[in-house]
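Asker: Sharing a structure, written as structure tokens. Questions coming.
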Amino acid sequence: MTRSALIAALAILAVAPAAQAHEVWVERDASGPARIYLGEPAEAMPEGGDPEFAKLKAPRLMPAAHAPQIRKVGYIEVAVPAGDVRLIDDSVFDPWGEEGKKEVVIYYARAGRSETRAALPMEIVPVSPNADSFVLLRDGKPLPAAKLTVISPDKWSKVMATDAQGRVAVPLKEKGRYILSASHEQKGDLSLGKAKVATIYHISTLTFVRD
């Protein structure tokens with residue numbers, strides 16, 4: 001293997017763990033602006049932000065926000081209307097892997113648990129406004145036996161599983177911001193934009209504050 005080919009192979013190997021370990025999530029305090037992060041939410045944010053943060057360039061809010069996205073240290077800030085905040089980003093990491101076996105990740109994120117409807121292709125939705133029980137939906141259908149990680153305000157984390165109806169009851173032990181995350185692996189003859197891929201990792205997060 002030539003030196004350039006070895007460097008390219010090592011770069012691909014580096015992208016795969018980063019893409020699968022990282023998540024996109026949104027934080028919002030009351031009716032203030034949304035703060036959009038890329039990183040590992042169970043870990044303390046490195047000083048200056050996550051090393052991969054530069055790859056978070058233009059997450060798409062749903063519905064679209066006309067306010068500018070302002071880059072801060074470690075997050076993007078944007079003014080948004082009242083209510084729950086949602087976004088999608090399928091361009092953080094380029095597809096990686098061999099031709100015919102390429103993989104890619106799509107991130108979905110939501111802040112707030114006041115609405116019981118899903119608006120993203122994959123979303124963690126409260127069963128009632130501000131409930132502690134949630135349903136994981138993929139294209140509007142519940143995902144049973146799916147792993148869901150709960151991260152508490154003090155970074156305590158617990159892996160749970162949805163039931164046969166895609167539901168899970170989350171133990172809320174303290175006040176503060178919680179982050180829920182779940183992933184779903186899709187395989188087949190797939191495409192994302194102009195890229196042909198064999199695997200798409202759908203990674204969804206929900207954040208909310210327990211008062």
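Simple scheme: letters A, B, ... for chains in structure tokens order, numbers from 1 for residues in each chain, numbers from 1 for ligands in the order shown.
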Skipping near chain neighbours, those fewer than 5 positions away, what residues fall within 8 Å of range 167-182 of chain A using only C-alpha atoms, listed as a VMD selection string?
Answerer: chain A and resid 41 124 132 to 136 142 144 146 to 153 160 to 162 203 to 211
Asker: Go ahead and dump the residues you just picked, C-alpha atoms, as a PDB file, in the first residue's frame.
Answerer:
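See again-v7.pdb below for the written result:
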```
ATOM      1  CA  PRO A  41     -23.293  14.839  25.249  1.00  0.00           C
ATOM      2  CA  ILE A 124     -38.385  10.941  20.338  1.00  0.00           C
ATOM      3  CA  ASP A 132     -41.806  11.481  31.424  1.00  0.00           C
ATOM      4  CA  SER A 133     -42.772   8.719  28.987  1.00  0.00           C
ATOM      5  CA  PHE A 134     -41.804   8.852  25.311  1.00  0.00           C
ATOM      6  CA  VAL A 135     -42.267   6.964  22.057  1.00  0.00           C
ATOM      7  CA  LEU A 136     -39.507   6.543  19.478  1.00  0.00           C
ATOM      8  CA  PRO A 142     -42.935   3.078  16.641  1.00  0.00           C
ATOM      9  CA  PRO A 144     -39.816  -1.507  19.414  1.00  0.00           C
ATOM     10  CA  ALA A 146     -34.664   0.031  20.404  1.00  0.00           C
ATOM     11  CA  LYS A 147     -31.921   1.263  22.708  1.00  0.00           C
ATOM     12  CA  LEU A 148     -32.412   4.724  24.143  1.00  0.00           C
ATOM     13  CA  THR A 149     -29.805   6.491  26.279  1.00  0.00           C
ATOM     14  CA  VAL A 150     -30.806   8.906  29.024  1.00  0.00           C
ATOM     15  CA  ILE A 151     -28.252  11.492  30.175  1.00  0.00           C
ATOM     16  CA  SER A 152     -29.102  13.365  33.365  1.00  0.00           C
ATOM     17  CA  PRO A 153     -28.077  16.931  34.284  1.00  0.00           C
ATOM     18  CA  MET A 160     -32.969   1.686  28.281  1.00  0.00           C
ATOM     19  CA  ALA A 161     -35.038  -0.167  25.681  1.00  0.00           C
ATOM     20  CA  THR A 162     -38.376   0.735  24.136  1.00  0.00           C
ATOM     21  CA  ILE A 203     -29.343   9.343  15.219  1.00  0.00           C
ATOM     22  CA  SER A 204     -31.995  11.322  17.080  1.00  0.00           C
ATOM     23  CA  THR A 205     -31.814  13.384  20.268  1.00  0.00           C
ATOM     24  CA  LEU A 206     -34.321  15.133  22.521  1.00  0.00           C
ATOM     25  CA  THR A 207     -33.445  17.636  25.233  1.00  0.00           C
ATOM     26  CA  PHE A 208     -35.705  19.160  27.838  1.00  0.00           C
ATOM     27  CA  VAL A 209     -35.469  20.865  31.217  1.00  0.00           C
ATOM     28  CA  ARG A 210     -37.144  19.451  34.295  1.00  0.00           C
ATOM     29  CA  ASP A 211     -37.995  22.317  36.661  1.00  0.00           C
TER      30      ASP A 211
END
```
Asker: So which residues of range 20-117 of chain A fall under helix (DSSP H, G or I) by DSSP, listed as a list in words?
Answerer: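 Matching residues for helix (DSSP H, G or I) in range 20-117 of chain A are Gln20, Ala21, Phe53, Ala54 and Lys55 of chain A.
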Asker: Within 9 Å of range 18-38 of chain A, which residues of range 66-137 of chain A come that close, and what is the closest atom pair and distance in Å for each? Count only C-alpha atoms and give it as CSV.
Answerer:
```
residue,atom,partner,partner_atom,distance
A:Gly74,CA,A:Tyr37,CA,6.8
A:Tyr75,CA,A:Tyr37,CA,4.8
A:Ile76,CA,A:Ile36,CA,5.0
A:Glu77,CA,A:Arg35,CA,4.6
A:Val78,CA,A:Ala34,CA,5.4
A:Ala79,CA,A:Pro33,CA,4.4
A:Val80,CA,A:Pro33,CA,6.0
A:Pro81,CA,A:Ser31,CA,7.9
A:Ala82,CA,A:Ser31,CA,6.0
A:Gly83,CA,A:Ser31,CA,7.9
A:Val85,CA,A:Ala34,CA,7.5
A:Arg86,CA,A:Val26,CA,8.0
A:Leu87,CA,A:Val26,CA,8.4
A:Ile88,CA,A:Val24,CA,8.9
A:Asp89,CA,A:Val24,CA,8.4
A:Val92,CA,A:Ala19,CA,8.4
A:Phe93,CA,A:Ala19,CA,6.6
A:Val104,CA,A:Ala19,CA,8.1
A:Val105,CA,A:Ala19,CA,6.8
A:Tyr107,CA,A:Val24,CA,6.2
A:Tyr108,CA,A:Val24,CA,7.1
A:Ala109,CA,A:Trp25,CA,5.2
A:Arg110,CA,A:Val26,CA,6.2
A:Ala111,CA,A:Val26,CA,5.5
A:Gly112,CA,A:Arg28,CA,7.9
```
Asker: Using C-alpha atoms, can you write the selected residues to a file as a short mmCIF file (atom, residue, chain, number, x, y, z; two decimals), in the first residue's frame?
Answerer:
```cif
data_model
loop_
_atom_site.label_atom_id
_atom_site.label_comp_id
_atom_site.auth_asym_id
_atom_site.auth_seq_id
_atom_site.Cartn_x
_atom_site.Cartn_y
_atom_site.Cartn_z
CA GLY A 74 -18.64 25.19 20.63
CA TYR A 75 -22.20 25.81 19.42
CA ILE A 76 -24.39 27.61 16.90
CA GLU A 77 -26.95 30.08 18.23
CA VAL A 78 -30.13 31.00 16.39
CA ALA A 79 -33.30 32.84 17.40
CA VAL A 80 -36.39 30.66 16.97
CA PRO A 81 -40.14 31.03 17.49
CA ALA A 82 -41.86 29.84 20.64
CA GLY A 83 -42.42 26.10 21.03
CA VAL A 85 -37.31 23.27 18.26
CA ARG A 86 -36.40 20.69 15.62
CA LEU A 87 -33.59 20.30 13.12
CA ILE A 88 -32.01 17.85 10.71
CA ASP A 89 -28.46 17.62 9.34
CA VAL A 92 -21.89 16.74 8.98
CA PHE A 93 -19.76 13.77 7.92
CA VAL A 104 -23.28 7.79 6.35
CA VAL A 105 -25.09 9.38 9.29
CA TYR A 107 -28.72 13.61 12.67
CA TYR A 108 -32.10 14.69 14.01
CA ALA A 109 -32.53 16.86 17.10
CA ARG A 110 -35.36 18.33 19.11
CA ALA A 111 -35.53 20.59 22.18
CA GLY A 112 -38.70 20.67 24.26
#
```
Asker: Out of range 44-171 of chain A, which residues get strand (DSSP E or B) from DSSP, as an MDAnalysis selection string?
Answerer: chainID A and resid 60:61 70:71 76:78 85:89 96 103:111 122:126 133:138 141:142 147:151 157:161 167:169
Asker: Go ahead and compute the interatomic distance for CA of Thr116 in chain A and CA of Lys141 in chain A, in Å to one decimal.
Answerer: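 Calculated distance between CA of Thr116 in chain A and CA of Lys141 in chain A is 13.8 Å.
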Asker: Which is closest to Glu43 in chain A among A:Asp90, A:His184, A:Asn130, A:Trp156, if we use only C-alpha atoms?
Answerer: A:Trp156
Asker: Between CA of Lys57 in chain A and CA of Arg113 in chain A, what distance in Å does the model show, to one decimal?
Answerer: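 Taking CA of Lys57 in chain A and CA of Arg113 in chain A, their separation equals 25.8 Å.
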Asker: Report, in Å with one decimal, the straight-line distance from CA of Gly97 in chain A to CA of Pro46 in chain A.
Answerer: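 Separating CA of Gly97 in chain A from CA of Pro46 in chain A is a distance of 27.9 Å.
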Asker: Taking only C-alpha atoms into account, name the residue in A:Glu47, A:Asp94, A:Glu40, A:Glu52 that is nearest to Ala195 in chain A.
Answerer: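 Ranking A:Glu47, A:Asp94, A:Glu40, A:Glu52 by distance to Ala195 in chain A, first place goes to A:Asp94.
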